[in-house]
$ cat input_19.cif   # mmCIF, C-alpha atoms and all ligand atoms
data_query
loop_
_atom_site.label_atom_id
_atom_site.label_comp_id
_atom_site.auth_asym_id
_atom_site.auth_seq_id
_atom_site.Cartn_x
_atom_site.Cartn_y
_atom_site.Cartn_z
CA MET G 1 -88.94 10.66 1.95
CA LYS G 2 -87.09 13.82 0.89
CA ASP G 3 -88.10 16.20 -1.89
CA THR G 4 -86.43 16.12 -5.30
CA THR G 5 -86.41 18.71 -8.06
CA ALA G 6 -89.04 16.60 -9.90
CA ALA G 7 -91.55 16.08 -7.07
CA TYR G 8 -92.23 16.63 -3.38
CA GLY G 9 -91.33 13.70 -1.08
CA THR G 10 -93.57 11.76 1.29
CA ILE G 11 -92.98 13.97 4.32
CA THR G 12 -93.88 17.17 2.44
CA LYS G 13 -96.98 15.46 0.98
CA VAL G 14 -98.18 14.11 4.32
CA LEU G 15 -97.68 17.54 5.92
CA HIS G 16 -99.40 19.33 3.01
CA TRP G 17 -102.50 17.11 2.74
CA GLY G 18 -102.73 16.36 6.47
CA MET G 19 -102.69 20.06 7.29
CA ALA G 20 -105.19 20.79 4.51
CA LEU G 21 -107.66 18.39 6.20
CA LEU G 22 -106.99 19.81 9.67
CA LEU G 23 -107.41 23.37 8.36
CA LEU G 24 -110.71 22.38 6.78
CA TRP G 25 -111.90 21.24 10.21
CA GLN G 26 -110.52 24.44 11.77
CA PHE G 27 -112.58 26.54 9.36
CA LEU G 28 -115.66 24.42 10.05
CA SER G 29 -115.32 25.30 13.73
CA ALA G 30 -114.70 28.99 12.95
CA GLY G 31 -117.71 28.98 10.60
CA ALA G 32 -119.85 27.23 13.22
CA ARG G 33 -119.01 30.01 15.66
CA TYR G 34 -119.62 32.80 13.17
CA PHE G 35 -122.84 31.50 11.59
CA PHE G 36 -124.37 29.27 14.25
CA GLU G 37 -123.53 30.82 17.61
CA ASP G 38 -125.36 29.21 20.56
CA THR G 39 -126.63 26.26 18.53
CA ALA G 40 -125.87 22.52 18.64
CA ILE G 41 -123.62 23.02 15.56
CA GLU G 42 -121.37 25.40 17.46
CA ALA G 43 -121.44 23.13 20.52
CA PHE G 44 -120.23 20.27 18.30
CA PHE G 45 -117.44 22.02 16.38
CA TRP G 46 -116.18 24.84 18.61
CA PRO G 47 -114.55 22.82 21.46
CA SER G 48 -111.89 21.55 19.01
CA HIS G 49 -110.90 25.06 17.83
CA LYS G 50 -108.22 25.96 20.38
CA PRO G 51 -106.54 22.53 20.70
CA LEU G 52 -106.52 21.96 16.94
CA GLY G 53 -105.20 25.51 16.44
CA VAL G 54 -102.24 24.68 18.68
CA VAL G 55 -101.64 21.40 16.80
CA LEU G 56 -101.62 23.38 13.52
CA LEU G 57 -99.07 25.79 14.98
CA VAL G 58 -96.75 22.94 15.95
CA LEU G 59 -97.16 21.35 12.51
CA ILE G 60 -96.44 24.57 10.60
CA VAL G 61 -93.23 25.08 12.59
CA LEU G 62 -92.13 21.52 11.72
CA ARG G 63 -93.15 22.12 8.11
CA LEU G 64 -91.17 25.36 7.93
CA VAL G 65 -88.06 23.61 9.25
CA TRP G 66 -88.58 20.81 6.72
CA ALA G 67 -89.08 23.31 3.86
CA LEU G 68 -85.85 25.09 4.82
CA MET G 69 -83.95 21.79 4.97
CA ASN G 70 -85.20 20.94 1.46
CA ARG G 71 -85.05 24.44 -0.01
CA ASN G 72 -82.40 23.63 -2.63
CA ASN G 73 -83.99 20.32 -3.49
CA ARG G 74 -87.63 21.04 -4.37
CA PRO G 75 -89.56 21.33 -7.63
CA PRO G 76 -88.87 24.82 -9.01
CA SER G 77 -91.49 27.45 -8.32
CA VAL G 78 -93.63 28.25 -11.37
CA GLY G 79 -93.16 31.98 -10.78
CA MET G 80 -92.84 34.83 -8.36
CA ALA G 81 -96.61 34.87 -7.67
CA ALA G 82 -96.53 31.19 -6.66
CA LYS G 83 -93.53 31.77 -4.42
CA LEU G 84 -95.15 34.78 -2.71
CA GLY G 85 -98.47 32.91 -2.46
CA HIS G 86 -96.86 29.94 -0.69
CA LEU G 87 -94.90 32.29 1.58
CA SER G 88 -98.11 34.11 2.54
CA LEU G 89 -99.79 30.77 3.36
CA TYR G 90 -96.90 29.90 5.66
CA ALA G 91 -96.97 33.33 7.31
CA LEU G 92 -100.74 33.23 7.90
CA VAL G 93 -100.82 29.67 9.29
CA LEU G 94 -98.00 30.70 11.63
CA LEU G 95 -99.23 34.10 12.79
CA THR G 96 -102.97 33.38 13.12
CA PRO G 97 -102.59 30.92 16.05
CA ILE G 98 -99.68 32.89 17.59
CA VAL G 99 -101.86 35.99 17.86
CA ALA G 100 -104.63 33.87 19.45
CA LEU G 101 -102.17 32.39 21.96
CA ILE G 102 -100.91 35.87 22.91
CA ARG G 103 -104.52 36.86 23.65
CA GLN G 104 -105.05 33.63 25.56
CA TYR G 105 -101.99 34.38 27.72
CA GLY G 106 -103.09 38.00 28.26
CA SER G 107 -106.46 36.85 29.62
CA GLY G 108 -104.61 35.53 32.69
CA ARG G 109 -106.55 32.26 32.57
CA SER G 110 -104.77 28.95 32.68
CA PHE G 111 -104.70 27.10 29.35
CA GLU G 112 -104.10 23.48 28.55
CA VAL G 113 -104.22 21.39 25.38
CA PHE G 114 -105.14 17.69 25.61
CA GLY G 115 -104.36 17.87 29.33
CA ILE G 116 -100.89 19.35 28.72
CA PRO G 117 -100.49 22.71 30.50
CA VAL G 118 -99.49 25.56 28.17
CA PHE G 119 -99.98 28.57 30.47
CA SER G 120 -100.57 28.42 34.22
CA GLY G 121 -102.46 31.75 34.31
CA PHE G 122 -101.85 34.68 36.64
CA GLU G 123 -103.62 36.78 39.29
CA GLY G 124 -104.68 40.36 38.71
CA GLU G 125 -105.55 42.45 35.69
CA ARG G 126 -105.56 40.98 32.19
CA ILE G 127 -103.01 42.43 29.77
CA GLU G 128 -104.99 44.75 27.53
CA TRP G 129 -102.60 45.06 24.57
CA MET G 130 -102.50 41.26 24.30
CA MET G 131 -106.29 41.04 24.41
CA ASP G 132 -106.59 43.78 21.76
CA LEU G 133 -104.03 42.17 19.46
CA GLY G 134 -106.01 38.93 19.34
CA GLY G 135 -109.36 40.69 19.34
CA ASN G 136 -108.40 42.92 16.42
CA PHE G 137 -106.48 40.47 14.28
CA HIS G 138 -107.01 36.76 15.02
CA GLY G 139 -110.37 36.12 13.35
CA GLU G 140 -109.58 38.54 10.52
CA MET G 141 -106.27 36.84 9.75
CA GLY G 142 -108.03 33.49 9.84
CA TRP G 143 -110.56 34.61 7.23
CA VAL G 144 -107.79 36.09 5.05
CA LEU G 145 -106.05 32.70 5.26
CA LEU G 146 -109.23 31.03 4.00
CA LEU G 147 -109.28 33.49 1.11
CA PHE G 148 -105.65 32.71 0.23
CA VAL G 149 -106.27 28.94 0.46
CA THR G 150 -109.22 29.34 -1.92
CA GLY G 151 -106.99 31.27 -4.34
CA HIS G 152 -104.29 28.61 -3.98
CA ILE G 153 -106.73 25.80 -4.87
CA PHE G 154 -108.06 27.82 -7.79
CA MET G 155 -104.51 28.45 -9.11
CA ALA G 156 -103.61 24.73 -8.84
CA TYR G 157 -106.74 23.95 -10.88
CA HIS G 158 -105.98 26.71 -13.38
CA HIS G 159 -102.42 25.41 -13.91
CA ARG G 160 -103.77 21.92 -14.46
CA LYS G 161 -106.43 22.90 -17.01
CA ASN G 162 -104.48 25.53 -18.96
CA PRO G 163 -102.24 23.95 -21.63
CA ASN G 164 -99.85 26.93 -21.50
CA LYS G 165 -99.14 26.38 -17.80
CA THR G 166 -97.18 23.74 -15.89
CA ASP G 167 -99.48 21.20 -14.21
CA VAL G 168 -98.16 21.27 -10.64
CA LEU G 169 -100.64 18.83 -9.07
CA PRO G 170 -98.64 15.63 -9.84
CA ARG G 171 -95.62 16.93 -7.87
CA MET G 172 -97.75 17.21 -4.75
CA TRP G 173 -100.16 14.33 -5.39
CA LYS G 174 -98.59 11.41 -7.29
CA LYS G 175 -96.73 8.64 -5.52
C1 LIG G 201 -104.31 28.00 12.21
C2 LIG G 201 -105.00 28.12 13.31
C3 LIG G 201 -106.26 28.91 13.47
C4 LIG G 201 -107.14 29.38 12.52
C5 LIG G 201 -107.07 29.25 11.01
C6 LIG G 201 -108.19 30.09 13.25
C7 LIG G 201 -109.26 30.75 12.63
C8 LIG G 201 -110.21 31.48 13.29
C9 LIG G 201 -111.24 32.26 12.66
C10 LIG G 201 -111.45 32.40 11.14
C11 LIG G 201 -112.00 32.84 13.63
C12 LIG G 201 -113.16 33.81 13.43
C13 LIG G 201 -114.49 33.21 13.82
C14 LIG G 201 -115.55 34.29 13.87
O1 LIG G 201 -115.45 35.25 13.07
O2 LIG G 201 -116.44 34.17 14.71
C15 LIG G 201 -111.44 32.43 14.90
C16 LIG G 201 -111.93 32.81 16.15
C17 LIG G 201 -111.36 32.45 17.35
N1 LIG G 201 -110.24 31.68 17.54
FE1 LIG G 201 -109.11 30.83 16.08
N2 LIG G 201 -107.95 30.01 14.59
C18 LIG G 201 -106.78 29.31 14.78
C19 LIG G 201 -106.17 29.03 15.99
C20 LIG G 201 -106.65 29.41 17.22
C21 LIG G 201 -105.98 29.16 18.49
C22 LIG G 201 -104.63 28.46 18.66
C23 LIG G 201 -106.78 29.68 19.47
C24 LIG G 201 -106.60 29.74 20.97
C25 LIG G 201 -105.54 29.54 21.63
C26 LIG G 201 -107.93 30.28 18.82
C27 LIG G 201 -108.95 30.91 19.50
C28 LIG G 201 -110.00 31.58 18.89
C29 LIG G 201 -111.04 32.31 19.62
C30 LIG G 201 -111.16 32.46 21.14
C31 LIG G 201 -111.90 32.85 18.64
C32 LIG G 201 -113.16 33.71 18.88
C33 LIG G 201 -112.81 35.15 19.07
C34 LIG G 201 -112.30 35.79 17.77
O3 LIG G 201 -113.05 35.83 16.78
O4 LIG G 201 -111.14 36.21 17.76
N3 LIG G 201 -107.82 30.10 17.46
N4 LIG G 201 -110.35 31.61 14.66
C1 LIG G 202 -107.62 21.05 -2.02
C2 LIG G 202 -106.68 21.76 -1.47
C3 LIG G 202 -105.30 21.99 -2.03
C4 LIG G 202 -104.78 21.74 -3.28
C5 LIG G 202 -105.49 21.16 -4.50
C6 LIG G 202 -103.39 22.14 -3.24
C7 LIG G 202 -102.49 21.99 -4.27
C8 LIG G 202 -101.14 22.25 -4.21
C9 LIG G 202 -100.17 21.97 -5.25
C10 LIG G 202 -100.51 21.37 -6.60
C11 LIG G 202 -98.95 22.37 -4.82
C12 LIG G 202 -97.62 22.34 -5.59
C13 LIG G 202 -97.42 23.72 -6.15
C14 LIG G 202 -96.05 24.00 -6.69
O1 LIG G 202 -95.10 23.25 -6.42
O2 LIG G 202 -95.89 25.00 -7.41
C15 LIG G 202 -99.12 22.92 -3.50
C16 LIG G 202 -98.12 23.46 -2.72
C17 LIG G 202 -98.30 24.11 -1.53
N1 LIG G 202 -99.51 24.22 -0.85
FE1 LIG G 202 -101.28 23.43 -1.40
N2 LIG G 202 -103.09 22.66 -2.01
C18 LIG G 202 -104.24 22.59 -1.23
C19 LIG G 202 -104.37 23.01 0.07
C20 LIG G 202 -103.42 23.76 0.75
C21 LIG G 202 -103.65 24.37 2.03
C22 LIG G 202 -104.94 24.29 2.86
C23 LIG G 202 -102.50 25.03 2.35
C24 LIG G 202 -102.38 25.84 3.60
C25 LIG G 202 -101.36 26.10 4.23
C26 LIG G 202 -101.53 24.80 1.29
C27 LIG G 202 -100.23 25.28 1.24
C28 LIG G 202 -99.29 24.98 0.27
C29 LIG G 202 -97.88 25.38 0.32
C30 LIG G 202 -97.25 26.24 1.41
C31 LIG G 202 -97.28 24.82 -0.81
C32 LIG G 202 -95.79 24.92 -1.20
C33 LIG G 202 -95.10 23.62 -0.89
C34 LIG G 202 -94.87 23.46 0.61
O3 LIG G 202 -94.06 24.22 1.16
O4 LIG G 202 -95.51 22.57 1.22
N3 LIG G 202 -102.13 24.02 0.33
N4 LIG G 202 -100.47 22.83 -3.14
#

$ encode --input "input_19.cif" --output "C-alpha cells"
Amino acid sequence: MKDTTAAYGTITKVLHWGMALLLLWQFLSAGARYFFEDTAIEAFFWPSHKPLGVVLLVLIVLRLVWALMNRNNRPPSVGMAAKLGHLSLYALVLLTPIVALIRQYGSGRSFEVFGIPVFSGFEGERIEWMMDLGGNFHGEMGWVLLLFVTGHIFMAYHHRKNPNKTDVLPRMWKK
C-alpha cells in the first residue's frame, strides 16, 4: 500500500492514474467549452466540469497529505527539474479549482455538488474581486496545467527512451 524507495505503492498509483483519467475528462469539458460553445458537444461535456473540478480538488488534498506522509519513503527524485515539475503540478491542480470556487462564491449564487450543498448563496451585490480573480486566472491556470502535464508525459517518455537517463515509468506503473 505504502511507497518504498524502489517504487510507488498502490495508493499513490491509484491516485496518480485515477486523477490522470479524471483530468483528461476535465480538459475535454474545458475544450468543449472553448472550441464548441453552444453545440451538442458542449452540452454533453460541460455539465460535469464544476462537479468533477470539486472532486479533483478533494483528491489533490488527499494526495498531498499522502505524499507528505510518504515523503521520506519514496523513490528518489531524478533531479531538481523533476522535483519542481511535480511540485508545480500539485500547485496547479490545487489552485485552479480553488480560484474557480472563490469566483463561484463571489457570484452570490447557491452551489451544490451531487446534491451536496457547498455554498448557500447570498442576497445583494456580487463580490467583484472574487469574480475578477476567477475571471482573470481560472481558465488560464487550467491551460497552463495542461501544458505542464504534456511536458510531464514527454519527460517520462524521454527518460524511458534515453539510455543515459533513469526509466521512471516502472516505479509508477509496475505492480
Ligand atoms: C482541476 C480542476 C479544474 C481544471 C483543470 C479546470 C480547467 C478549466 C479550463 C482550462 C477552463 C477554460 C475553458 C475556456 O477557455 O473556455 C475552465 C473554465 C471554467 N471553469 Fe474550470 N477547471 C477546474 C475546476 C473548476 C471548478 C471547481 C469550477 C467551479 C466551481 C470551474 C468552473 C469553470 C467555469 C465557470 C469556467 C468558464 C469560465 C472561465 O473560463 O473561467 N472549474 N476550467
Ligand atoms: C499519460 C500520463 C502520465 C504519465 C505517463 C505519467 C508518468 C509519471 C511517472 C513515470 C512518474 C514517476 C516519476 C518519478 O518518480 O520521477 C510520475 C509521477 C508524478 N506524476 Fe505523472 N504521469 C502522467 C500523468 C500525470 C498527470 C495528469 C498528473 C497531474 C497532476 C501527474 C502528476 C504527477 C506527480 C505529481 C508525480 C510525482 C509523484 C506523486 O506525487 O504522485 N502525472 N508520473

$ atom_distance --input "input_19.cif" --atom1 "atom N1 of ligand LIG 201 (chain G)" --atom2 "atom CA of G:Val118"
16.3 Å

$ closest_residue --input "input_19.cif" --among "G:Phe45, G:Tyr157, G:Trp143, G:Tyr90" --to "G:Leu59" --atoms "all atoms listed in the file"
G:Tyr90

$ closest_residue --input "input_19.cif" --among "G:Leu169, G:Ile98, G:Leu21, G:Ala156" --to "G:Val61" --atoms "only C-alpha atoms"
G:Ile98

$ atom_distance --input "input_19.cif" --atom1 "atom CA of G:Glu112" --atom2 "atom C24 of ligand LIG 202 (chain G)"
25.1 Å

$ closest_residue --input "input_19.cif" --among "G:Trp66, G:Phe35, G:Trp46, G:Phe122" --to "ligand LIG 202 (chain G)" --atoms "all atoms listed in the file"
G:Trp66

$ closest_residue --input "input_19.cif" --among "G:Leu94, G:Met69, G:Ile102, G:Leu23" --to "ligand LIG 202 (chain G)" --atoms "only C-alpha atoms and all ligand atoms"
G:Leu23

$ residues_near_ligand --input "input_19.cif" --ligand "ligand LIG 202 (chain G)" --cutoff "7 Å" --atoms "all atoms listed in the file" --output "PyMOL selection string"
chain G and resi 12+16-17+19-20+23+67+75-78+82+86-87+89-90+93+149+152-153+156+168-172

$ atom_distance --input "input_19.cif" --atom1 "atom CA of G:Glu128" --atom2 "atom CA of G:Ile60"
27.7 Å

$ closest_residue --input "input_19.cif" --among "G:His49, G:His159, G:Arg109, G:Arg103" --to "G:Gly134" --atoms "only C-alpha atoms"
G:Arg103
